[in-house]
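The structure appears right after this line, and notes come after that.
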Amino acid sequence: MTAFEGWWPYVFIAVAGWLATDLWRWLGVLAGNRLREDSEILNWVRAVATALVAAVIAKLILYPTGVLEHSPLWLRIGSVAAGAAAFFIGRQKPAIGIATAIAVLVIGLWGLGF
C-alpha cells in the first residue's frame with residue numbers, strides 16, 4: 001500500500017473541479033474584456049443573475065429546511081422585510097441588510113423558544 005493509494009479520489013475531484021471552473025472563469029475574463037458595461041448582453045446577464053438570487057432567497061423563505069422549517073412564515077418574511085428596509089435606509093450597503101435580517105430572525109426564533 002502506497003501513501004497515495006487512498007488519496008487519488010480527492011486529487012481527481014480537486015483537479016476536475018479546478019479545470020471545470022477555472023476554464024469558464026478565464027473564458028469569462030476574455031469575453032468580458034470585449035463587452036461594454038452598457039451592452040444589452042451584460043444587462044441580460046445581470047437580470048438573470050438577479051433572478052437566480054431572488055429565486056434562491058424565495059426558496060429559502062417558502063421551503064426552508066432545518067430549524068427554519070419549523071419557524072413561522074411571518075417571521076421569515078418579516079426578517080427579509082426588515083433586512084430590505086435596513087438595506088435601503090443604510091445607504092444600500094448589503095452587510096447592513098443581511099445583518100439586520102439575521103438579527104431579526106435570531107431574535108424572533110429566540111423569542112419563540114427555538
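Chains: A, B, ... in order of the C-alpha cells. Residues: from 1 per chain. Ligands: from 1, in order shown.
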
Inset, instruction - Skip region 69-75 of chain A itself and residues of its chain fewer than 5 positions away, then list as an NGL selection string all residues within 10 Å of it, counting only C-alpha atoms. - result: :A and (60-64 or 80-81 or 104-109 or 112 or 114)

Can you spit out the residues from that selection as a tab-separated table (two decimals), in the first residue's frame, using C-alpha atoms?
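Written output follows (part_6.tsv):
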```tsv
chain	number	residue	atom	x	y	z
A	60	LEU	CA	-35.24	29.53	1.44
A	61	ILE	CA	-38.20	31.58	2.70
A	62	LEU	CA	-41.04	29.43	1.36
A	63	TYR	CA	-39.49	25.94	1.56
A	64	PRO	CA	-36.84	26.06	4.30
A	80	VAL	CA	-36.47	39.73	4.97
A	81	ALA	CA	-38.64	42.87	5.00
A	104	VAL	CA	-34.48	39.89	13.39
A	105	LEU	CA	-34.65	36.17	12.57
A	106	VAL	CA	-32.46	35.18	15.52
A	107	ILE	CA	-34.36	37.39	17.95
A	108	GLY	CA	-37.66	36.07	16.63
A	109	LEU	CA	-36.55	32.44	16.91
A	112	LEU	CA	-40.46	31.76	20.10
A	114	PHE	CA	-36.24	27.79	19.33
```

Inset, instruction - Quote the spacing between CA of Trp18 (chain A) and CA of Ala54 (chain A) in Å to one decimal place. - result: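 Computing the Euclidean distance for CA of Trp18 (chain A) and CA of Ala54 (chain A) yields 27.4 Å.
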
Considering only C-alpha atoms, give me a table of residues in region 37-99 of chain A that are at most 12 Å from region 23-33 of chain A, with the closest atom pair and distance in Å for each, as CSV.
```
residue,atom,partner,partner_atom,distance
A:Glu37,CA,A:Gly32,CA,9.2
A:Ser39,CA,A:Gly32,CA,11.1
A:Ile41,CA,A:Gly32,CA,10.6
A:Leu42,CA,A:Gly32,CA,9.0
A:Val45,CA,A:Gly32,CA,11.4
```

Those of chain A in DSSP helix (DSSP H, G or I), formatted as an mmCIF file with N, CA, C and O atoms, in the first residue's frame:
```cif
data_model
loop_
_atom_site.group_PDB
_atom_site.id
_atom_site.type_symbol
_atom_site.label_atom_id
_atom_site.label_comp_id
_atom_site.auth_asym_id
_atom_site.auth_seq_id
_atom_site.Cartn_x
_atom_site.Cartn_y
_atom_site.Cartn_z
ATOM 1 N N TRP A 8 -6.238 9.263 -4.189
ATOM 2 C CA TRP A 8 -6.484 9.549 -5.601
ATOM 3 C C TRP A 8 -7.879 10.093 -5.875
ATOM 4 O O TRP A 8 -8.016 10.960 -6.743
ATOM 5 N N PRO A 9 -8.946 9.647 -5.182
ATOM 6 C CA PRO A 9 -10.256 10.263 -5.473
ATOM 7 C C PRO A 9 -10.292 11.757 -5.140
ATOM 8 O O PRO A 9 -10.888 12.552 -5.874
ATOM 9 N N TYR A 10 -9.632 12.135 -4.056
ATOM 10 C CA TYR A 10 -9.610 13.540 -3.658
ATOM 11 C C TYR A 10 -8.802 14.383 -4.647
ATOM 12 O O TYR A 10 -9.195 15.511 -4.977
ATOM 13 N N VAL A 11 -7.707 13.842 -5.107
ATOM 14 C CA VAL A 11 -6.899 14.552 -6.101
ATOM 15 C C VAL A 11 -7.683 14.691 -7.400
ATOM 16 O O VAL A 11 -7.698 15.765 -8.018
ATOM 17 N N PHE A 12 -8.352 13.636 -7.808
ATOM 18 C CA PHE A 12 -9.162 13.686 -9.023
ATOM 19 C C PHE A 12 -10.265 14.736 -8.911
ATOM 20 O O PHE A 12 -10.487 15.521 -9.829
ATOM 21 N N ILE A 13 -10.964 14.759 -7.783
ATOM 22 C CA ILE A 13 -12.038 15.736 -7.580
ATOM 23 C C ILE A 13 -11.481 17.153 -7.598
ATOM 24 O O ILE A 13 -12.064 18.061 -8.196
ATOM 25 N N ALA A 14 -10.342 17.368 -6.941
ATOM 26 C CA ALA A 14 -9.743 18.706 -6.899
ATOM 27 C C ALA A 14 -9.325 19.160 -8.298
ATOM 28 O O ALA A 14 -9.618 20.291 -8.706
ATOM 29 N N VAL A 15 -8.670 18.289 -9.049
ATOM 30 C CA VAL A 15 -8.200 18.664 -10.385
ATOM 31 C C VAL A 15 -9.387 18.856 -11.326
ATOM 32 O O VAL A 15 -9.466 19.841 -12.065
ATOM 33 N N ALA A 16 -10.337 17.928 -11.299
ATOM 34 C CA ALA A 16 -11.500 18.039 -12.177
ATOM 35 C C ALA A 16 -12.325 19.277 -11.821
ATOM 36 O O ALA A 16 -12.816 19.976 -12.708
ATOM 37 N N GLY A 17 -12.489 19.553 -10.534
ATOM 38 C CA GLY A 17 -13.222 20.749 -10.117
ATOM 39 C C GLY A 17 -12.511 22.018 -10.531
ATOM 40 O O GLY A 17 -13.144 22.983 -10.964
ATOM 41 N N TRP A 18 -11.199 22.010 -10.422
ATOM 42 C CA TRP A 18 -10.432 23.187 -10.808
ATOM 43 C C TRP A 18 -10.524 23.411 -12.311
ATOM 44 O O TRP A 18 -10.764 24.528 -12.767
ATOM 45 N N LEU A 19 -10.366 22.365 -13.080
ATOM 46 C CA LEU A 19 -10.429 22.507 -14.530
ATOM 47 C C LEU A 19 -11.821 22.937 -14.988
ATOM 48 O O LEU A 19 -11.961 23.781 -15.869
ATOM 49 N N ALA A 20 -12.845 22.343 -14.382
ATOM 50 C CA ALA A 20 -14.206 22.651 -14.805
ATOM 51 C C ALA A 20 -14.587 24.101 -14.512
ATOM 52 O O ALA A 20 -15.319 24.719 -15.284
ATOM 53 N N THR A 21 -14.115 24.653 -13.416
ATOM 54 C CA THR A 21 -14.499 26.028 -13.081
ATOM 55 C C THR A 21 -13.506 27.052 -13.604
ATOM 56 O O THR A 21 -13.905 28.123 -14.056
ATOM 57 N N ASP A 22 -12.239 26.753 -13.559
ATOM 58 C CA ASP A 22 -11.235 27.732 -13.965
ATOM 59 C C ASP A 22 -11.297 28.024 -15.461
ATOM 60 O O ASP A 22 -11.095 29.162 -15.876
ATOM 61 N N LEU A 23 -11.569 27.022 -16.258
ATOM 62 C CA LEU A 23 -11.679 27.222 -17.695
ATOM 63 C C LEU A 23 -12.753 28.260 -18.007
ATOM 64 O O LEU A 23 -12.534 29.196 -18.782
ATOM 65 N N TRP A 24 -13.907 28.140 -17.384
ATOM 66 C CA TRP A 24 -15.001 29.072 -17.634
ATOM 67 C C TRP A 24 -14.698 30.454 -17.074
ATOM 68 O O TRP A 24 -15.131 31.470 -17.641
ATOM 69 N N ARG A 25 -13.961 30.513 -15.979
ATOM 70 C CA ARG A 25 -13.573 31.830 -15.443
ATOM 71 C C ARG A 25 -12.672 32.571 -16.421
ATOM 72 O O ARG A 25 -12.845 33.768 -16.661
ATOM 73 N N TRP A 26 -11.688 31.868 -16.976
ATOM 74 C CA TRP A 26 -10.778 32.509 -17.923
ATOM 75 C C TRP A 26 -11.487 32.902 -19.206
ATOM 76 O O TRP A 26 -11.230 33.969 -19.774
ATOM 77 N N LEU A 27 -12.385 32.050 -19.677
ATOM 78 C CA LEU A 27 -13.168 32.415 -20.859
ATOM 79 C C LEU A 27 -14.051 33.627 -20.571
ATOM 80 O O LEU A 27 -14.236 34.489 -21.432
ATOM 81 N N GLY A 28 -14.586 33.711 -19.367
ATOM 82 C CA GLY A 28 -15.379 34.870 -18.973
ATOM 83 C C GLY A 28 -14.552 36.145 -18.938
ATOM 84 O O GLY A 28 -15.019 37.211 -19.341
ATOM 85 N N VAL A 29 -13.329 36.033 -18.450
ATOM 86 C CA VAL A 29 -12.443 37.200 -18.420
ATOM 87 C C VAL A 29 -12.126 37.656 -19.841
ATOM 88 O O VAL A 29 -12.172 38.852 -20.155
ATOM 89 N N LEU A 30 -11.823 36.705 -20.709
ATOM 90 C CA LEU A 30 -11.511 37.073 -22.097
ATOM 91 C C LEU A 30 -12.717 37.693 -22.800
ATOM 92 O O LEU A 30 -12.587 38.692 -23.503
ATOM 93 N N ALA A 31 -13.876 37.100 -22.619
ATOM 94 C CA ALA A 31 -15.078 37.645 -23.261
ATOM 95 C C ALA A 31 -15.506 38.948 -22.597
ATOM 96 O O ALA A 31 -15.991 39.864 -23.275
ATOM 97 N N GLY A 32 -15.336 39.058 -21.292
ATOM 98 C CA GLY A 32 -15.760 40.252 -20.569
ATOM 99 C C GLY A 32 -14.962 41.486 -20.919
ATOM 100 O O GLY A 32 -15.464 42.605 -20.825
ATOM 101 N N GLU A 40 -26.400 45.301 -24.140
ATOM 102 C CA GLU A 40 -27.620 44.548 -23.873
ATOM 103 C C GLU A 40 -27.320 43.164 -23.297
ATOM 104 O O GLU A 40 -28.037 42.688 -22.426
ATOM 105 N N ILE A 41 -26.272 42.532 -23.749
ATOM 106 C CA ILE A 41 -25.948 41.195 -23.248
ATOM 107 C C ILE A 41 -25.561 41.253 -21.773
ATOM 108 O O ILE A 41 -25.937 40.381 -20.988
ATOM 109 N N LEU A 42 -24.843 42.287 -21.377
ATOM 110 C CA LEU A 42 -24.468 42.421 -19.973
ATOM 111 C C LEU A 42 -25.683 42.761 -19.112
ATOM 112 O O LEU A 42 -25.786 42.273 -17.977
ATOM 113 N N ASN A 43 -26.599 43.544 -19.634
ATOM 114 C CA ASN A 43 -27.849 43.799 -18.911
ATOM 115 C C ASN A 43 -28.643 42.512 -18.732
ATOM 116 O O ASN A 43 -29.235 42.276 -17.676
ATOM 117 N N TRP A 44 -28.649 41.657 -19.757
ATOM 118 C CA TRP A 44 -29.343 40.374 -19.667
ATOM 119 C C TRP A 44 -28.682 39.476 -18.618
ATOM 120 O O TRP A 44 -29.362 38.839 -17.821
ATOM 121 N N VAL A 45 -27.352 39.438 -18.605
ATOM 122 C CA VAL A 45 -26.621 38.624 -17.629
ATOM 123 C C VAL A 45 -26.923 39.104 -16.214
ATOM 124 O O VAL A 45 -27.157 38.300 -15.306
ATOM 125 N N ARG A 46 -26.945 40.404 -15.996
ATOM 126 C CA ARG A 46 -27.283 40.949 -14.682
ATOM 127 C C ARG A 46 -28.703 40.568 -14.275
ATOM 128 O O ARG A 46 -28.963 40.224 -13.117
ATOM 129 N N ALA A 47 -29.626 40.632 -15.221
ATOM 130 C CA ALA A 47 -31.017 40.286 -14.928
ATOM 131 C C ALA A 47 -31.154 38.815 -14.562
ATOM 132 O O ALA A 47 -31.865 38.458 -13.614
ATOM 133 N N VAL A 48 -30.466 37.944 -15.277
ATOM 134 C CA VAL A 48 -30.513 36.512 -14.974
ATOM 135 C C VAL A 48 -29.873 36.234 -13.616
ATOM 136 O O VAL A 48 -30.418 35.469 -12.812
ATOM 137 N N ALA A 49 -28.750 36.860 -13.330
ATOM 138 C CA ALA A 49 -28.091 36.658 -12.032
ATOM 139 C C ALA A 49 -28.980 37.143 -10.891
ATOM 140 O O ALA A 49 -29.102 36.469 -9.856
ATOM 141 N N THR A 50 -29.618 38.280 -11.072
ATOM 142 C CA THR A 50 -30.524 38.798 -10.044
ATOM 143 C C THR A 50 -31.718 37.875 -9.857
ATOM 144 O O THR A 50 -32.143 37.616 -8.725
ATOM 145 N N ALA A 51 -32.250 37.350 -10.946
ATOM 146 C CA ALA A 51 -33.385 36.432 -10.859
ATOM 147 C C ALA A 51 -32.996 35.140 -10.138
ATOM 148 O O ALA A 51 -33.785 34.598 -9.348
ATOM 149 N N LEU A 52 -31.803 34.651 -10.390
ATOM 150 C CA LEU A 52 -31.350 33.434 -9.710
ATOM 151 C C LEU A 52 -31.197 33.658 -8.210
ATOM 152 O O LEU A 52 -31.600 32.813 -7.403
ATOM 153 N N VAL A 53 -30.639 34.792 -7.821
ATOM 154 C CA VAL A 53 -30.501 35.099 -6.397
ATOM 155 C C VAL A 53 -31.870 35.241 -5.752
ATOM 156 O O VAL A 53 -32.122 34.717 -4.658
ATOM 157 N N ALA A 54 -32.798 35.917 -6.440
ATOM 158 C CA ALA A 54 -34.152 36.078 -5.906
ATOM 159 C C ALA A 54 -34.850 34.731 -5.764
ATOM 160 O O ALA A 54 -35.571 34.494 -4.787
ATOM 161 N N ALA A 55 -34.630 33.838 -6.708
ATOM 162 C CA ALA A 55 -35.246 32.511 -6.636
ATOM 163 C C ALA A 55 -34.706 31.704 -5.468
ATOM 164 O O ALA A 55 -35.465 31.016 -4.766
ATOM 165 N N VAL A 56 -33.417 31.776 -5.229
ATOM 166 C CA VAL A 56 -32.824 31.056 -4.096
ATOM 167 C C VAL A 56 -33.351 31.605 -2.778
ATOM 168 O O VAL A 56 -33.697 30.855 -1.863
ATOM 169 N N ILE A 57 -33.442 32.921 -2.665
ATOM 170 C CA ILE A 57 -33.970 33.528 -1.439
ATOM 171 C C ILE A 57 -35.427 33.141 -1.236
ATOM 172 O O ILE A 57 -35.845 32.794 -0.122
ATOM 173 N N ALA A 58 -36.222 33.173 -2.306
ATOM 174 C CA ALA A 58 -37.627 32.775 -2.197
ATOM 175 C C ALA A 58 -37.760 31.319 -1.780
ATOM 176 O O ALA A 58 -38.620 30.970 -0.961
ATOM 177 N N LYS A 59 -36.909 30.467 -2.303
ATOM 178 C CA LYS A 59 -36.946 29.051 -1.927
ATOM 179 C C LYS A 59 -36.603 28.881 -0.447
ATOM 180 O O LYS A 59 -37.232 28.094 0.262
ATOM 181 N N LEU A 60 -35.617 29.618 0.024
ATOM 182 C CA LEU A 60 -35.245 29.532 1.437
ATOM 183 C C LEU A 60 -36.361 30.045 2.347
ATOM 184 O O LEU A 60 -36.526 29.554 3.463
ATOM 185 N N ILE A 61 -37.110 31.029 1.883
ATOM 186 C CA ILE A 61 -38.196 31.575 2.697
ATOM 187 C C ILE A 61 -39.420 30.657 2.674
ATOM 188 O O ILE A 61 -40.004 30.357 3.710
ATOM 189 N N LEU A 62 -39.802 30.203 1.499
ATOM 190 C CA LEU A 62 -41.038 29.434 1.358
ATOM 191 C C LEU A 62 -40.876 27.941 1.654
ATOM 192 O O LEU A 62 -41.814 27.306 2.135
ATOM 193 N N GLY A 66 -34.299 22.403 8.075
ATOM 194 C CA GLY A 66 -33.698 22.558 9.397
ATOM 195 C C GLY A 66 -34.609 23.296 10.352
ATOM 196 O O GLY A 66 -35.826 23.132 10.346
ATOM 197 N N VAL A 67 -34.023 24.142 11.194
ATOM 198 C CA VAL A 67 -34.780 24.891 12.194
ATOM 199 C C VAL A 67 -35.770 25.836 11.532
ATOM 200 O O VAL A 67 -36.884 26.028 12.017
ATOM 201 N N LEU A 68 -35.379 26.419 10.420
ATOM 202 C CA LEU A 68 -36.283 27.349 9.736
ATOM 203 C C LEU A 68 -37.557 26.670 9.257
ATOM 204 O O LEU A 68 -38.585 27.310 9.101
ATOM 205 N N GLU A 69 -37.499 25.371 9.045
ATOM 206 C CA GLU A 69 -38.685 24.642 8.603
ATOM 207 C C GLU A 69 -39.803 24.710 9.650
ATOM 208 O O GLU A 69 -40.981 24.704 9.321
ATOM 209 N N HIS A 70 -39.414 24.806 10.909
ATOM 210 C CA HIS A 70 -40.382 24.852 11.999
ATOM 211 C C HIS A 70 -40.726 26.278 12.431
ATOM 212 O O HIS A 70 -41.558 26.465 13.307
ATOM 213 N N LEU A 73 -43.940 31.336 8.960
ATOM 214 C CA LEU A 73 -43.696 32.061 7.715
ATOM 215 C C LEU A 73 -43.637 33.566 7.949
ATOM 216 O O LEU A 73 -42.811 34.259 7.348
ATOM 217 N N TRP A 74 -44.467 34.082 8.845
ATOM 218 C CA TRP A 74 -44.476 35.523 9.097
ATOM 219 C C TRP A 74 -43.136 36.018 9.623
ATOM 220 O O TRP A 74 -42.719 37.127 9.327
ATOM 221 N N LEU A 75 -42.433 35.172 10.397
ATOM 222 C CA LEU A 75 -41.119 35.566 10.916
ATOM 223 C C LEU A 75 -40.083 35.609 9.794
ATOM 224 O O LEU A 75 -39.275 36.541 9.724
ATOM 225 N N ARG A 76 -40.121 34.630 8.918
ATOM 226 C CA ARG A 76 -39.164 34.602 7.805
ATOM 227 C C ARG A 76 -39.392 35.780 6.862
ATOM 228 O O ARG A 76 -38.444 36.460 6.465
ATOM 229 N N ILE A 77 -40.649 36.048 6.536
ATOM 230 C CA ILE A 77 -40.951 37.176 5.645
ATOM 231 C C ILE A 77 -40.648 38.503 6.344
ATOM 232 O O ILE A 77 -40.103 39.430 5.732
ATOM 233 N N GLY A 78 -40.959 38.589 7.636
ATOM 234 C CA GLY A 78 -40.674 39.808 8.392
ATOM 235 C C GLY A 78 -39.192 40.111 8.484
ATOM 236 O O GLY A 78 -38.785 41.280 8.391
ATOM 237 N N SER A 79 -38.375 39.079 8.647
ATOM 238 C CA SER A 79 -36.935 39.318 8.723
ATOM 239 C C SER A 79 -36.382 39.792 7.383
ATOM 240 O O SER A 79 -35.509 40.666 7.335
ATOM 241 N N VAL A 80 -36.904 39.262 6.293
ATOM 242 C CA VAL A 80 -36.470 39.725 4.974
ATOM 243 C C VAL A 80 -36.921 41.173 4.746
ATOM 244 O O VAL A 80 -36.159 41.994 4.231
ATOM 245 N N ALA A 81 -38.146 41.493 5.153
ATOM 246 C CA ALA A 81 -38.640 42.867 5.001
ATOM 247 C C ALA A 81 -37.814 43.843 5.840
ATOM 248 O O ALA A 81 -37.467 44.938 5.375
ATOM 249 N N ALA A 82 -37.480 43.443 7.060
ATOM 250 C CA ALA A 82 -36.648 44.310 7.910
ATOM 251 C C ALA A 82 -35.256 44.479 7.312
ATOM 252 O O ALA A 82 -34.684 45.581 7.333
ATOM 253 N N GLY A 83 -34.708 43.402 6.776
ATOM 254 C CA GLY A 83 -33.397 43.489 6.134
ATOM 255 C C GLY A 83 -33.422 44.381 4.910
ATOM 256 O O GLY A 83 -32.496 45.162 4.685
ATOM 257 N N ALA A 84 -34.492 44.287 4.111
ATOM 258 C CA ALA A 84 -34.610 45.145 2.928
ATOM 259 C C ALA A 84 -34.742 46.607 3.332
ATOM 260 O O ALA A 84 -34.121 47.490 2.726
ATOM 261 N N ALA A 85 -35.540 46.873 4.365
ATOM 262 C CA ALA A 85 -35.687 48.255 4.842
ATOM 263 C C ALA A 85 -34.358 48.800 5.350
ATOM 264 O O ALA A 85 -33.976 49.938 5.037
ATOM 265 N N ALA A 86 -33.630 47.989 6.116
ATOM 266 C CA ALA A 86 -32.325 48.429 6.626
ATOM 267 C C ALA A 86 -31.340 48.654 5.486
ATOM 268 O O ALA A 86 -30.517 49.577 5.537
ATOM 269 N N PHE A 87 -31.413 47.822 4.463
ATOM 270 C CA PHE A 87 -30.539 47.980 3.295
ATOM 271 C C PHE A 87 -30.751 49.345 2.640
ATOM 272 O O PHE A 87 -29.794 50.047 2.334
ATOM 273 N N PHE A 88 -32.013 49.715 2.427
ATOM 274 C CA PHE A 88 -32.285 50.995 1.769
ATOM 275 C C PHE A 88 -32.031 52.177 2.687
ATOM 276 O O PHE A 88 -31.579 53.228 2.234
ATOM 277 N N ILE A 89 -32.324 52.030 3.963
ATOM 278 C CA ILE A 89 -32.061 53.117 4.906
ATOM 279 C C ILE A 89 -30.563 53.297 5.128
ATOM 280 O O ILE A 89 -30.079 54.414 5.277
ATOM 281 N N PRO A 94 -25.025 46.095 1.510
ATOM 282 C CA PRO A 94 -25.547 44.743 1.720
ATOM 283 C C PRO A 94 -25.308 44.200 3.127
ATOM 284 O O PRO A 94 -26.162 43.504 3.674
ATOM 285 N N ALA A 95 -24.177 44.518 3.709
ATOM 286 C CA ALA A 95 -23.865 43.992 5.048
ATOM 287 C C ALA A 95 -24.899 44.446 6.076
ATOM 288 O O ALA A 95 -25.274 43.680 6.972
ATOM 289 N N ILE A 96 -25.373 45.672 5.948
ATOM 290 C CA ILE A 96 -26.375 46.193 6.887
ATOM 291 C C ILE A 96 -27.689 45.428 6.738
ATOM 292 O O ILE A 96 -28.311 45.022 7.727
ATOM 293 N N GLY A 97 -28.120 45.220 5.512
ATOM 294 C CA GLY A 97 -29.360 44.493 5.271
ATOM 295 C C GLY A 97 -29.282 43.043 5.726
ATOM 296 O O GLY A 97 -30.215 42.527 6.358
ATOM 297 N N ILE A 98 -28.176 42.382 5.429
ATOM 298 C CA ILE A 98 -28.008 40.978 5.819
ATOM 299 C C ILE A 98 -27.952 40.848 7.336
ATOM 300 O O ILE A 98 -28.606 39.976 7.922
ATOM 301 N N ALA A 99 -27.174 41.712 7.971
ATOM 302 C CA ALA A 99 -27.048 41.646 9.433
ATOM 303 C C ALA A 99 -28.389 41.917 10.113
ATOM 304 O O ALA A 99 -28.736 41.248 11.099
ATOM 305 N N THR A 100 -29.149 42.855 9.585
ATOM 306 C CA THR A 100 -30.455 43.155 10.173
ATOM 307 C C THR A 100 -31.411 41.984 10.014
ATOM 308 O O THR A 100 -32.105 41.604 10.961
ATOM 309 N N ALA A 101 -31.456 41.392 8.826
ATOM 310 C CA ALA A 101 -32.345 40.251 8.594
ATOM 311 C C ALA A 101 -31.990 39.082 9.508
ATOM 312 O O ALA A 101 -32.877 38.453 10.104
ATOM 313 N N ILE A 102 -30.707 38.821 9.656
ATOM 314 C CA ILE A 102 -30.277 37.723 10.537
ATOM 315 C C ILE A 102 -30.620 38.043 11.985
ATOM 316 O O ILE A 102 -31.097 37.174 12.723
ATOM 317 N N ALA A 103 -30.388 39.282 12.398
ATOM 318 C CA ALA A 103 -30.681 39.661 13.781
ATOM 319 C C ALA A 103 -32.172 39.532 14.083
ATOM 320 O O ALA A 103 -32.559 38.996 15.138
ATOM 321 N N VAL A 104 -33.031 40.003 13.182
ATOM 322 C CA VAL A 104 -34.476 39.889 13.390
ATOM 323 C C VAL A 104 -34.883 38.426 13.449
ATOM 324 O O VAL A 104 -35.680 38.015 14.300
ATOM 325 N N LEU A 105 -34.323 37.603 12.578
ATOM 326 C CA LEU A 105 -34.651 36.174 12.567
ATOM 327 C C LEU A 105 -34.188 35.497 13.857
ATOM 328 O O LEU A 105 -34.936 34.726 14.463
ATOM 329 N N VAL A 106 -32.986 35.800 14.291
ATOM 330 C CA VAL A 106 -32.461 35.183 15.522
ATOM 331 C C VAL A 106 -33.282 35.619 16.735
ATOM 332 O O VAL A 106 -33.649 34.790 17.586
ATOM 333 N N ILE A 107 -33.563 36.896 16.831
ATOM 334 C CA ILE A 107 -34.361 37.391 17.954
ATOM 335 C C ILE A 107 -35.759 36.781 17.937
ATOM 336 O O ILE A 107 -36.293 36.375 18.966
ATOM 337 N N GLY A 108 -36.344 36.682 16.744
ATOM 338 C CA GLY A 108 -37.664 36.068 16.627
ATOM 339 C C GLY A 108 -37.647 34.596 17.010
ATOM 340 O O GLY A 108 -38.553 34.121 17.718
ATOM 341 N N LEU A 109 -36.660 33.859 16.559
ATOM 342 C CA LEU A 109 -36.554 32.440 16.914
ATOM 343 C C LEU A 109 -36.322 32.274 18.413
ATOM 344 O O LEU A 109 -36.893 31.378 19.029
ATOM 345 N N TRP A 110 -35.487 33.133 18.955
ATOM 346 C CA TRP A 110 -35.236 33.069 20.404
ATOM 347 C C TRP A 110 -36.510 33.371 21.176
ATOM 348 O O TRP A 110 -36.834 32.700 22.165
ATOM 349 N N GLY A 111 -37.249 34.384 20.725
ATOM 350 C CA GLY A 111 -38.494 34.749 21.392
ATOM 351 C C GLY A 111 -39.554 33.657 21.315
ATOM 352 O O GLY A 111 -40.390 33.521 22.200
ATOM 353 N N LEU A 112 -39.514 32.861 20.264
ATOM 354 C CA LEU A 112 -40.462 31.760 20.103
ATOM 355 C C LEU A 112 -40.006 30.484 20.795
ATOM 356 O O LEU A 112 -40.726 29.486 20.799
#
```
